[in-house]
$ cat query_7.cif   # mmCIF, C-alpha atoms and all ligand atoms
data_entry
#
loop_
_atom_site.group_PDB
_atom_site.id
_atom_site.type_symbol
_atom_site.label_atom_id
_atom_site.label_comp_id
_atom_site.auth_asym_id
_atom_site.auth_seq_id
_atom_site.Cartn_x
_atom_site.Cartn_y
_atom_site.Cartn_z
ATOM 1 C CA MET A 1 224.454 59.322 191.359
ATOM 2 C CA THR A 2 226.487 59.423 194.494
ATOM 3 C CA ASP A 3 224.629 61.941 196.627
ATOM 4 C CA PRO A 4 224.575 60.356 200.102
ATOM 5 C CA LEU A 5 221.320 62.196 200.804
ATOM 6 C CA LEU A 6 219.629 59.934 198.261
ATOM 7 C CA ASP A 7 221.263 56.732 199.391
ATOM 8 C CA TYR A 8 218.655 55.645 201.906
ATOM 9 C CA GLU A 9 217.465 52.085 201.656
ATOM 10 C CA ASN A 10 214.463 51.260 199.506
ATOM 11 C CA ASP A 11 212.173 48.682 201.118
ATOM 12 C CA LEU A 12 209.296 49.075 198.652
ATOM 13 C CA PRO A 13 208.676 46.896 195.597
ATOM 14 C CA VAL A 14 209.810 48.272 192.244
ATOM 15 C CA ASP A 15 207.051 47.169 189.876
ATOM 16 C CA LEU A 16 207.454 49.766 187.136
ATOM 17 C CA ASP A 17 210.143 49.741 184.483
ATOM 18 C CA PRO A 18 211.488 52.993 183.059
ATOM 19 C CA VAL A 19 210.621 53.656 179.427
ATOM 20 C CA ASP A 20 213.423 54.412 176.989
ATOM 21 C CA ILE A 21 213.112 58.101 176.161
ATOM 22 C CA THR A 22 216.350 58.510 174.206
ATOM 23 C CA ALA A 23 214.438 58.590 170.910
ATOM 24 C CA TYR A 24 212.856 61.844 172.111
ATOM 25 C CA LYS A 25 216.167 63.668 172.507
ATOM 26 C CA SER A 26 215.953 65.786 169.384
ATOM 27 C CA GLY A 27 212.631 67.527 169.459
ATOM 28 C CA ASN A 28 211.320 70.372 167.337
ATOM 29 C CA THR A 29 211.728 73.132 169.898
ATOM 30 C CA GLY A 30 215.502 73.610 169.820
ATOM 31 C CA ILE A 31 215.653 72.174 173.340
ATOM 32 C CA ASP A 32 216.475 68.495 173.863
ATOM 33 C CA TYR A 33 213.631 66.273 175.078
ATOM 34 C CA LEU A 34 210.994 68.931 174.496
ATOM 35 C CA HIS A 35 208.396 68.498 171.735
ATOM 36 C CA THR A 36 205.581 70.734 170.544
ATOM 37 C CA LEU A 37 202.544 69.739 168.477
ATOM 38 C CA ASP A 38 200.975 72.873 166.989
ATOM 39 C CA SER A 39 197.374 72.771 165.775
ATOM 40 C CA GLY A 40 197.868 76.037 163.894
ATOM 41 C CA GLN A 41 194.645 77.207 165.532
ATOM 42 C CA PRO A 42 194.194 79.710 168.348
ATOM 43 C CA GLY A 43 194.238 78.287 171.847
ATOM 44 C CA PRO A 44 196.434 77.836 174.887
ATOM 45 C CA HIS A 45 199.953 76.429 174.954
ATOM 46 C CA VAL A 46 199.745 73.358 177.190
ATOM 47 C CA LEU A 47 202.804 71.585 178.605
ATOM 48 C CA ILE A 48 202.855 68.066 180.003
ATOM 49 C CA SER A 49 206.000 67.769 182.124
ATOM 50 C CA ALA A 50 207.640 64.515 183.224
ATOM 51 C CA VAL A 51 210.652 63.512 185.334
ATOM 52 C CA VAL A 52 211.277 66.749 187.149
ATOM 53 C CA HIS A 53 212.471 64.106 189.614
ATOM 54 C CA GLY A 54 214.472 61.413 187.832
ATOM 55 C CA ASN A 55 213.189 58.509 189.929
ATOM 56 C CA GLU A 56 209.500 59.223 189.269
ATOM 57 C CA LEU A 57 208.795 56.870 186.397
ATOM 58 C CA CYS A 58 205.063 57.363 185.906
ATOM 59 C CA GLY A 59 205.425 60.755 184.223
ATOM 60 C CA ALA A 60 207.838 59.373 181.630
ATOM 61 C CA ILE A 61 205.469 56.463 180.965
ATOM 62 C CA ALA A 62 202.527 58.840 180.485
ATOM 63 C CA ALA A 63 204.499 61.267 178.306
ATOM 64 C CA ASP A 64 205.827 58.399 176.169
ATOM 65 C CA TRP A 65 202.287 57.085 175.772
ATOM 66 C CA LEU A 66 201.069 60.538 174.754
ATOM 67 C CA LEU A 67 203.787 60.975 172.121
ATOM 68 C CA GLN A 68 203.064 57.505 170.753
ATOM 69 C CA GLN A 69 199.405 58.402 170.140
ATOM 70 C CA LYS A 70 200.539 60.571 167.221
ATOM 71 C CA VAL A 71 197.552 62.830 167.645
ATOM 72 C CA MET A 72 197.486 66.541 167.038
ATOM 73 C CA PRO A 73 195.647 69.036 169.188
ATOM 74 C CA ILE A 74 192.603 70.642 167.575
ATOM 75 C CA ALA A 75 193.371 74.016 169.162
ATOM 76 C CA GLY A 76 196.436 75.727 170.556
ATOM 77 C CA ARG A 77 199.671 73.842 171.116
ATOM 78 C CA LEU A 78 200.518 70.680 173.028
ATOM 79 C CA SER A 79 204.057 70.319 174.348
ATOM 80 C CA VAL A 80 205.568 67.316 176.062
ATOM 81 C CA GLY A 81 208.784 67.664 178.004
ATOM 82 C CA PHE A 82 211.166 65.438 179.930
ATOM 83 C CA MET A 83 212.788 67.732 182.471
ATOM 84 C CA ASN A 84 215.608 66.272 184.582
ATOM 85 C CA VAL A 85 216.747 63.876 181.852
ATOM 86 C CA ALA A 86 220.291 63.474 183.218
ATOM 87 C CA ALA A 87 218.873 62.172 186.483
ATOM 88 C CA TYR A 88 216.264 59.971 184.806
ATOM 89 C CA LEU A 89 218.820 58.341 182.503
ATOM 90 C CA SER A 90 220.833 57.293 185.563
ATOM 91 C CA TYR A 91 217.889 55.319 186.976
ATOM 92 C CA ASP A 92 218.960 52.036 188.597
ATOM 93 C CA PRO A 93 216.166 49.718 189.833
ATOM 94 C CA GLY A 94 218.594 48.329 192.424
ATOM 95 C CA HIS A 95 218.978 51.834 193.924
ATOM 96 C CA PRO A 96 215.877 53.598 192.662
ATOM 97 C CA ASN A 97 216.067 56.613 194.997
ATOM 98 C CA ARG A 98 219.474 57.711 193.759
ATOM 99 C CA SER A 99 218.263 59.071 190.430
ATOM 100 C CA ARG A 100 216.028 61.746 191.978
ATOM 101 C CA TRP A 101 218.559 64.378 190.967
ATOM 102 C CA VAL A 102 222.160 64.684 189.828
ATOM 103 C CA ASP A 103 223.334 67.556 192.058
ATOM 104 C CA GLU A 104 220.250 69.134 193.604
ATOM 105 C CA ASP A 105 216.466 69.201 193.461
ATOM 106 C CA PHE A 106 215.320 70.580 190.070
ATOM 107 C CA ASN A 107 211.998 71.470 191.670
ATOM 108 C CA ARG A 108 213.400 74.025 194.129
ATOM 109 C CA LEU A 109 214.992 76.410 191.611
ATOM 110 C CA TRP A 110 211.991 78.414 190.436
ATOM 111 C CA GLY A 111 211.784 81.308 192.871
ATOM 112 C CA PRO A 112 212.515 84.918 191.838
ATOM 113 C CA GLY A 113 216.159 85.450 190.928
ATOM 114 C CA VAL A 114 217.381 81.930 191.673
ATOM 115 C CA LEU A 115 218.331 80.974 188.116
ATOM 116 C CA ASP A 116 219.881 84.422 187.504
ATOM 117 C CA ASP A 117 221.994 84.381 190.653
ATOM 118 C CA PRO A 118 225.603 84.743 189.404
ATOM 119 C CA ASP A 119 226.905 83.246 192.637
ATOM 120 C CA ARG A 120 224.839 80.100 192.331
ATOM 121 C CA LYS A 121 226.796 76.997 191.398
ATOM 122 C CA VAL A 122 225.892 75.871 187.880
ATOM 123 C CA THR A 123 224.739 72.379 188.756
ATOM 124 C CA SER A 124 223.306 69.896 186.284
ATOM 125 C CA GLU A 125 219.839 71.000 187.399
ATOM 126 C CA VAL A 126 220.532 74.753 187.152
ATOM 127 C CA GLN A 127 221.843 74.215 183.632
ATOM 128 C CA ARG A 128 218.746 72.255 182.569
ATOM 129 C CA ALA A 129 216.377 74.702 184.268
ATOM 130 C CA ARG A 130 218.030 77.607 182.432
ATOM 131 C CA GLU A 131 217.524 75.745 179.136
ATOM 132 C CA ILE A 132 213.850 75.192 179.851
ATOM 133 C CA ARG A 133 212.923 78.537 181.389
ATOM 134 C CA PRO A 134 212.469 80.559 178.145
ATOM 135 C CA PHE A 135 210.153 77.833 176.895
ATOM 136 C CA LEU A 136 208.228 77.769 180.169
ATOM 137 C CA ASP A 137 207.713 81.516 179.842
ATOM 138 C CA ASN A 138 205.445 80.736 176.867
ATOM 139 C CA VAL A 139 203.379 78.006 178.519
ATOM 140 C CA ASP A 140 199.806 78.866 179.490
ATOM 141 C CA LEU A 141 198.780 75.650 181.233
ATOM 142 C CA LEU A 142 201.164 73.176 182.861
ATOM 143 C CA LEU A 143 200.584 69.670 184.182
ATOM 144 C CA ASP A 144 203.663 68.493 186.044
ATOM 145 C CA ILE A 145 203.551 64.741 186.705
ATOM 146 C CA HIS A 146 205.138 63.384 189.885
ATOM 147 C CA SER A 147 204.926 60.459 192.286
ATOM 148 C CA MET A 148 205.568 59.945 195.995
ATOM 149 C CA GLN A 149 208.003 58.107 198.255
ATOM 150 C CA GLN A 150 205.291 56.356 200.265
ATOM 151 C CA PRO A 151 202.251 54.433 199.111
ATOM 152 C CA CYS A 152 199.514 57.073 199.374
ATOM 153 C CA LEU A 153 196.351 57.990 197.573
ATOM 154 C CA PRO A 154 196.956 60.284 194.573
ATOM 155 C CA LEU A 155 197.052 64.022 195.381
ATOM 156 C CA MET A 156 196.576 66.983 193.085
ATOM 157 C CA MET A 157 198.854 69.779 194.290
ATOM 158 C CA ALA A 158 196.930 72.859 193.202
ATOM 159 C CA GLY A 159 199.537 75.397 194.233
ATOM 160 C CA MET A 160 199.371 78.629 196.148
ATOM 161 C CA VAL A 161 196.435 80.499 194.630
ATOM 162 C CA ALA A 162 192.722 79.837 194.169
ATOM 163 C CA LYS A 163 192.913 79.470 190.395
ATOM 164 C CA GLY A 164 194.749 76.177 190.931
ATOM 165 C CA LEU A 165 191.786 74.783 192.860
ATOM 166 C CA VAL A 166 189.440 75.863 190.073
ATOM 167 C CA LEU A 167 191.522 74.060 187.452
ATOM 168 C CA ALA A 168 191.851 70.965 189.673
ATOM 169 C CA ALA A 169 188.067 70.851 190.014
ATOM 170 C CA LYS A 170 187.707 71.143 186.247
ATOM 171 C CA VAL A 171 190.085 68.193 185.765
ATOM 172 C CA GLY A 172 187.994 66.276 188.312
ATOM 173 C CA LEU A 173 190.606 63.619 189.093
ATOM 174 C CA PRO A 174 192.007 62.598 191.521
ATOM 175 C CA ALA A 175 189.544 62.854 194.392
ATOM 176 C CA THR A 176 192.003 64.662 196.651
ATOM 177 C CA VAL A 177 193.198 68.211 195.985
ATOM 178 C CA VAL A 178 195.734 70.078 198.119
ATOM 179 C CA THR A 179 196.568 73.776 198.118
ATOM 180 C CA ASP A 180 199.707 74.978 199.880
ATOM 181 C CA LYS A 181 202.420 77.613 200.058
ATOM 182 C CA GLY A 182 205.248 75.524 198.607
ATOM 183 C CA HIS A 183 208.518 74.629 200.308
ATOM 184 C CA ASN A 184 210.711 76.879 202.428
ATOM 185 C CA GLU A 185 213.765 75.351 200.744
ATOM 186 C CA GLY A 186 212.885 76.663 197.283
ATOM 187 C CA MET A 187 210.074 77.172 194.802
ATOM 188 C CA ARG A 188 208.628 74.462 192.575
ATOM 189 C CA MET A 189 208.328 74.757 188.802
ATOM 190 C CA ARG A 190 204.550 74.636 189.159
ATOM 191 C CA ASP A 191 204.739 77.891 191.178
ATOM 192 C CA TYR A 192 207.048 79.647 188.717
ATOM 193 C CA ASN A 193 206.263 83.267 187.905
ATOM 194 C CA ALA A 194 202.776 83.729 186.366
ATOM 195 C CA PHE A 195 201.618 80.314 187.586
ATOM 196 C CA ARG A 196 201.439 81.737 191.102
ATOM 197 C CA ASP A 197 200.127 85.166 190.072
ATOM 198 C CA PRO A 198 196.420 85.315 190.983
ATOM 199 C CA ASP A 199 195.808 87.893 188.236
ATOM 200 C CA SER A 200 197.359 85.875 185.415
ATOM 201 C CA PRO A 201 195.249 83.434 183.388
ATOM 202 C CA ARG A 202 198.256 81.113 183.192
ATOM 203 C CA ASN A 203 197.830 78.139 185.486
ATOM 204 C CA ALA A 204 199.539 74.950 186.640
ATOM 205 C CA LEU A 205 198.862 71.712 188.473
ATOM 206 C CA LEU A 206 201.203 69.132 189.954
ATOM 207 C CA ILE A 207 199.866 65.604 190.227
ATOM 208 C CA GLU A 208 201.329 63.147 192.740
ATOM 209 C CA CYS A 209 200.133 59.910 191.176
ATOM 210 C CA GLY A 210 200.936 57.430 193.966
ATOM 211 C CA GLN A 211 204.101 55.628 195.037
ATOM 212 C CA HIS A 212 207.049 55.982 192.631
ATOM 213 C CA TRP A 213 207.189 52.380 191.478
ATOM 214 C CA GLU A 214 203.587 51.231 191.671
ATOM 215 C CA VAL A 215 201.863 50.177 188.443
ATOM 216 C CA SER A 216 198.787 52.143 189.508
ATOM 217 C CA SER A 217 200.823 55.381 189.504
ATOM 218 C CA ALA A 218 201.415 55.087 185.761
ATOM 219 C CA GLU A 219 197.728 54.412 185.140
ATOM 220 C CA MET A 220 196.786 57.431 187.254
ATOM 221 C CA ALA A 221 199.334 59.589 185.409
ATOM 222 C CA LYS A 222 197.788 58.743 182.054
ATOM 223 C CA ALA A 223 194.223 59.238 183.252
ATOM 224 C CA VAL A 224 194.906 62.603 184.905
ATOM 225 C CA MET A 225 196.861 63.739 181.849
ATOM 226 C CA VAL A 226 193.961 62.865 179.530
ATOM 227 C CA ARG A 227 191.504 64.643 181.807
ATOM 228 C CA PHE A 228 193.805 67.652 182.065
ATOM 229 C CA LEU A 229 194.057 67.871 178.287
ATOM 230 C CA HIS A 230 190.271 67.749 178.020
ATOM 231 C CA ALA A 231 190.005 70.501 180.625
ATOM 232 C CA THR A 232 192.231 72.683 178.427
ATOM 233 C CA ALA A 233 189.971 72.000 175.402
ATOM 234 C CA ILE A 234 192.894 71.523 173.021
ATOM 235 C CA MET A 235 192.162 67.873 172.139
ATOM 236 C CA ALA A 236 189.318 66.208 170.265
ATOM 237 C CA SER A 237 186.504 65.051 172.538
ATOM 238 C CA ASP A 238 187.236 61.327 172.025
ATOM 239 C CA PHE A 239 190.956 61.661 172.778
ATOM 240 C CA GLY A 240 192.216 59.016 175.223
ATOM 241 C CA ALA A 241 188.788 57.558 175.932
ATOM 242 C CA GLY A 242 190.248 54.054 176.379
ATOM 243 C CA THR A 243 192.686 55.131 179.089
ATOM 244 C CA LEU A 244 189.879 56.524 181.208
ATOM 245 C CA LYS A 245 187.841 53.313 181.395
ATOM 246 C CA SER A 246 188.866 52.514 184.945
ATOM 247 C CA TYR A 247 188.882 56.152 186.025
ATOM 248 C CA THR A 248 185.362 57.406 185.851
ATOM 249 C CA SER A 249 184.801 60.668 187.638
ATOM 250 C CA PRO A 250 185.216 60.359 191.413
ATOM 251 C CA GLN A 251 182.112 61.053 193.462
ATOM 252 C CA GLY A 252 183.175 64.597 194.217
ATOM 253 C CA GLN A 253 186.569 65.838 195.293
ATOM 254 C CA ASN A 254 187.941 66.624 198.731
ATOM 255 C CA PHE A 255 190.019 69.749 199.205
ATOM 256 C CA TYR A 256 192.753 70.385 201.774
ATOM 257 C CA ARG A 257 194.892 73.383 202.591
ATOM 258 C CA VAL A 258 198.424 73.067 203.959
ATOM 259 C CA ASP A 259 198.648 75.583 206.789
ATOM 260 C CA GLU A 260 201.972 74.549 208.216
ATOM 261 C CA VAL A 261 205.183 73.182 206.723
ATOM 262 C CA VAL A 262 207.555 71.376 209.055
ATOM 263 C CA THR A 263 211.068 72.248 207.890
ATOM 264 C CA ILE A 264 213.833 70.170 209.475
ATOM 265 C CA GLU A 265 216.238 72.188 211.628
ATOM 266 C CA THR A 266 218.508 69.583 213.224
ATOM 267 C CA ASN A 267 220.335 66.379 212.334
ATOM 268 C CA ALA A 268 218.191 64.555 214.872
ATOM 269 C CA PHE A 269 214.748 64.632 213.274
ATOM 270 C CA VAL A 270 212.644 61.525 213.954
ATOM 271 C CA PHE A 271 209.009 60.746 213.245
ATOM 272 C CA ASP A 272 207.089 59.226 216.137
ATOM 273 C CA GLN A 273 205.624 56.630 213.773
ATOM 274 C CA GLN A 274 206.339 55.636 210.201
ATOM 275 C CA TRP A 275 203.714 57.917 208.713
ATOM 276 C CA THR A 276 202.908 57.266 205.072
ATOM 277 C CA GLY A 277 200.812 60.356 204.427
ATOM 278 C CA PHE A 278 197.190 61.342 204.599
ATOM 279 C CA GLU A 279 196.693 60.201 208.180
ATOM 280 C CA HIS A 280 194.040 62.320 209.912
ATOM 281 C CA LEU A 281 195.367 63.085 213.414
ATOM 282 C CA ALA A 282 193.572 64.568 216.399
ATOM 283 C CA LYS A 283 194.914 67.931 217.537
ATOM 284 C CA GLY A 284 197.820 67.433 219.932
ATOM 285 C CA THR A 285 198.933 64.059 218.506
ATOM 286 C CA LEU A 286 202.719 63.710 218.581
ATOM 287 C CA ILE A 287 204.080 63.672 215.023
ATOM 288 C CA GLY A 288 207.804 63.571 215.772
ATOM 289 C CA HIS A 289 210.783 65.349 217.291
ATOM 290 C CA ASP A 290 213.273 67.699 215.635
ATOM 291 C CA GLY A 291 216.064 67.353 218.186
ATOM 292 C CA PRO A 292 214.467 68.472 221.453
ATOM 293 C CA ARG A 293 211.507 70.154 219.706
ATOM 294 C CA ALA A 294 208.295 68.118 219.840
ATOM 295 C CA ILE A 295 206.114 68.453 216.753
ATOM 296 C CA VAL A 296 202.439 67.980 217.509
ATOM 297 C CA ALA A 297 199.341 68.149 215.340
ATOM 298 C CA PRO A 298 198.165 71.782 215.414
ATOM 299 C CA PHE A 299 194.699 71.422 213.863
ATOM 300 C CA GLU A 300 191.549 69.396 214.496
ATOM 301 C CA PRO A 301 192.008 67.299 212.424
ATOM 302 C CA THR A 302 195.571 67.574 211.113
ATOM 303 C CA VAL A 303 196.129 65.781 207.819
ATOM 304 C CA LEU A 304 199.696 64.669 207.080
ATOM 305 C CA ILE A 305 200.821 65.354 203.534
ATOM 306 C CA MET A 306 203.832 63.522 202.109
ATOM 307 C CA PRO A 307 206.126 62.802 205.063
ATOM 308 C CA THR A 308 209.651 62.422 203.725
ATOM 309 C CA ARG A 309 212.285 59.802 204.363
ATOM 310 C CA ARG A 310 215.061 62.264 203.544
ATOM 311 C CA LEU A 311 215.443 63.660 207.026
ATOM 312 C CA TYR A 312 218.134 66.312 206.923
ATOM 313 C CA PRO A 313 218.227 70.011 207.801
ATOM 314 C CA GLY A 314 216.525 72.403 205.386
ATOM 315 C CA LYS A 315 214.208 69.753 203.914
ATOM 316 C CA THR A 316 210.459 69.690 204.305
ATOM 317 C CA ALA A 317 209.708 66.856 206.737
ATOM 318 C CA VAL A 318 205.938 66.884 206.297
ATOM 319 C CA ARG A 319 203.161 69.300 205.441
ATOM 320 C CA LEU A 320 200.233 69.736 207.828
ATOM 321 C CA ALA A 321 196.835 70.361 206.254
ATOM 322 C CA GLN A 322 193.179 70.784 207.158
ATOM 323 C CA PRO A 323 190.075 70.026 205.129
ATOM 324 C CA ILE A 324 188.548 73.072 203.378
ATOM 325 C CA THR A 325 185.789 73.864 200.968
ATOM 326 C CA PRO A 326 187.238 75.451 197.805
ATOM 327 C CA ASN A 327 185.841 78.900 198.621
ATOM 328 C CA ASP A 328 187.552 79.134 202.019
HETATM 329 ZN ZN ZN B 401 208.453 64.653 192.409
#

$ encode --input "query_7.cif" --output "structure tokens"
Amino acid sequence: MTDPLLDYENDLPVDLDPVDITAYKSGNTGIDYLHTLDSGQPGPHVLISAVVHGNELCGAIAADWLLQQKVMPIAGRLSVGFMNVAAYLSYDPGHPNRSRWVDEDFNRLWGPGVLDDPDRKVTSEVQRAREIRPFLDNVDLLLDIHSMQQPCLPLMMAGMVAKGLVLAAKVGLPATVVTDKGHNEGMRMRDYNAFRDPDSPRNALLIECGQHWEVSSAEMAKAVMVRFLHATAIMASDFGAGTLKSYTSPQGQNFYRVDEVVTIETNAFVFDQQWTGFEHLAKGTLIGHDGPRAIVAPFEPTVLIMPTRRLYPGKTAVRLAQPITPND
């Protein structure tokens, strides 16, 4: 990976090792690195998705663990997929940010018409997304497993419509749930098509398990995945009980809504402090400058969600949220 946009210095410890997923290349779906376990019984088609971003190891660890359990669902179908495999296979612990993508962000390609645009360059990610899309069209419930640049408490990204909050509450982990309107730069896979349609029963969640290379992120990924599978009712009731030992139900969940996305407009974006995410700021607090434009906290309080270190025009710098109750 040579994308200079990914070549920023990593000053965080790399405590996770990538799992070898090459044995999963030939699946039973006709699409590489995509496997389906079919109970033969009625029920939803559930997809566990890993490595949409190639440097986010926890999803691959959780998916590998799931496939190693050799358990069948008792209802519906369980699929497990490794998404941006080309990026993941390039992972280098000495330069762990570089493997986020090969050519572009796989998780910004899912808006209407993007993958059908004849003028769009056929990047490694467009090619892989086109392979996966027909399969995704048959998925009822998606859990997309991610991690974050900065050490931060785990966040469930419940998407753009209320049904995401309902599913997040049913999963019950982690304690923090965020609803938002996505990124201006392009739509995420979790918001693809029916997943963002309030009238469709199809639903999706994106879990941000913690910092990319923290051991706890992999543990969180497994625990949330097990809970998600229980919420879908496709697995036996004792499935994964051991992995949940240290993750008993949190004492309630806290919900937040992103009401503003700060999209970078200039080459001179700077944060006022090195925010790591989830700071609660008083209204009016200076967050940073985008060239001459001062960015201040608009809400009382303003909660910072996932400030980025990739500060270049068009990217989301940070999302600004406020606490809500799920019925707001
Ligand atoms: Zn990610």

$ residues_near_ligand --input "query_7.cif" --ligand "ligand ZN 401 (chain B)" --cutoff "7 Å" --atoms "all atoms listed in the file" --output "list of chain:residue names"
A:Val52, A:His53, A:Glu56, A:His146, A:Ser147, A:Met148

$ residues_around --input "query_7.cif" --residues "stretch 40-45 of chain A" --least-positions-apart "4" --cutoff "12 Å" --atoms "all atoms listed in the file" --output "VMD selection string"
chain A and resid 36 72 to 80 135 to 143 201 to 204 229 231 to 235

$ resolve_selection --input "query_7.cif" --expression "the PyMOL selection byres (((chain A and resi 275-278) around 6) and not hetatm)" --output "list in words"
Gln150, Gln273, Gln274, Glu279, Val303, Leu304, Ile305, Met306 and Pro307 of chain A

$ closest_residue --input "query_7.cif" --among "A:Ser49, A:Asn28, A:Asn97, A:Thr325" --to "A:Gly252" --atoms "all atoms listed in the file"
A:Thr325

$ resolve_selection --input "query_7.cif" --expression "the PyMOL selection byres (((chain A and resi 101) around 7) and not hetatm)" --output "PDB file with C-alpha atoms, in the coordinates of the input"
ATOM      1  CA  HIS A  53     212.471  64.106 189.614  1.00  0.00           C
ATOM      2  CA  GLY A  54     214.472  61.413 187.832  1.00  0.00           C
ATOM      3  CA  ALA A  87     218.873  62.172 186.483  1.00  0.00           C
ATOM      4  CA  SER A  99     218.263  59.071 190.430  1.00  0.00           C
ATOM      5  CA  ARG A 100     216.028  61.746 191.978  1.00  0.00           C
ATOM      6  CA  VAL A 102     222.160  64.684 189.828  1.00  0.00           C
ATOM      7  CA  ASP A 103     223.334  67.556 192.058  1.00  0.00           C
ATOM      8  CA  GLU A 104     220.250  69.134 193.604  1.00  0.00           C
ATOM      9  CA  ASP A 105     216.466  69.201 193.461  1.00  0.00           C
TER      10      ASP A 105
END

$ resolve_selection --input "query_7.cif" --expression "the PyMOL selection byres (((chain A and resi 280-292) around 10) and not hetatm)" --output "PyMOL selection string"
chain A and resi 262-275+277-279+293-305+311+313+317-318+320-323

$ atom_distance --input "query_7.cif" --atom1 "atom CA of A:Thr176" --atom2 "atom CA of A:Leu67"
27.5 Å

$ residues_around --input "query_7.cif" --residues "A:Leu115" --least-positions-apart "3" --cutoff "8 Å" --atoms "only C-alpha atoms" --output "ChimeraX atom specification"
/A:109-110,112,120,126,129-130

$ write_last_selection --input "query_7.cif" --atoms "C-alpha atoms" --output "PDB file, in the coordinates of the input"
ATOM      1  CA  LEU A 109     214.992  76.410 191.611  1.00  0.00           C
ATOM      2  CA  TRP A 110     211.991  78.414 190.436  1.00  0.00           C
ATOM      3  CA  PRO A 112     212.515  84.918 191.838  1.00  0.00           C
ATOM      4  CA  ARG A 120     224.839  80.100 192.331  1.00  0.00           C
ATOM      5  CA  VAL A 126     220.532  74.753 187.152  1.00  0.00           C
ATOM      6  CA  ALA A 129     216.377  74.702 184.268  1.00  0.00           C
ATOM      7  CA  ARG A 130     218.030  77.607 182.432  1.00  0.00           C
TER       8      ARG A 130
END

$ atom_distance --input "query_7.cif" --atom1 "atom CA of A:Met220" --atom2 "atom CA of A:Leu165"
18.9 Å
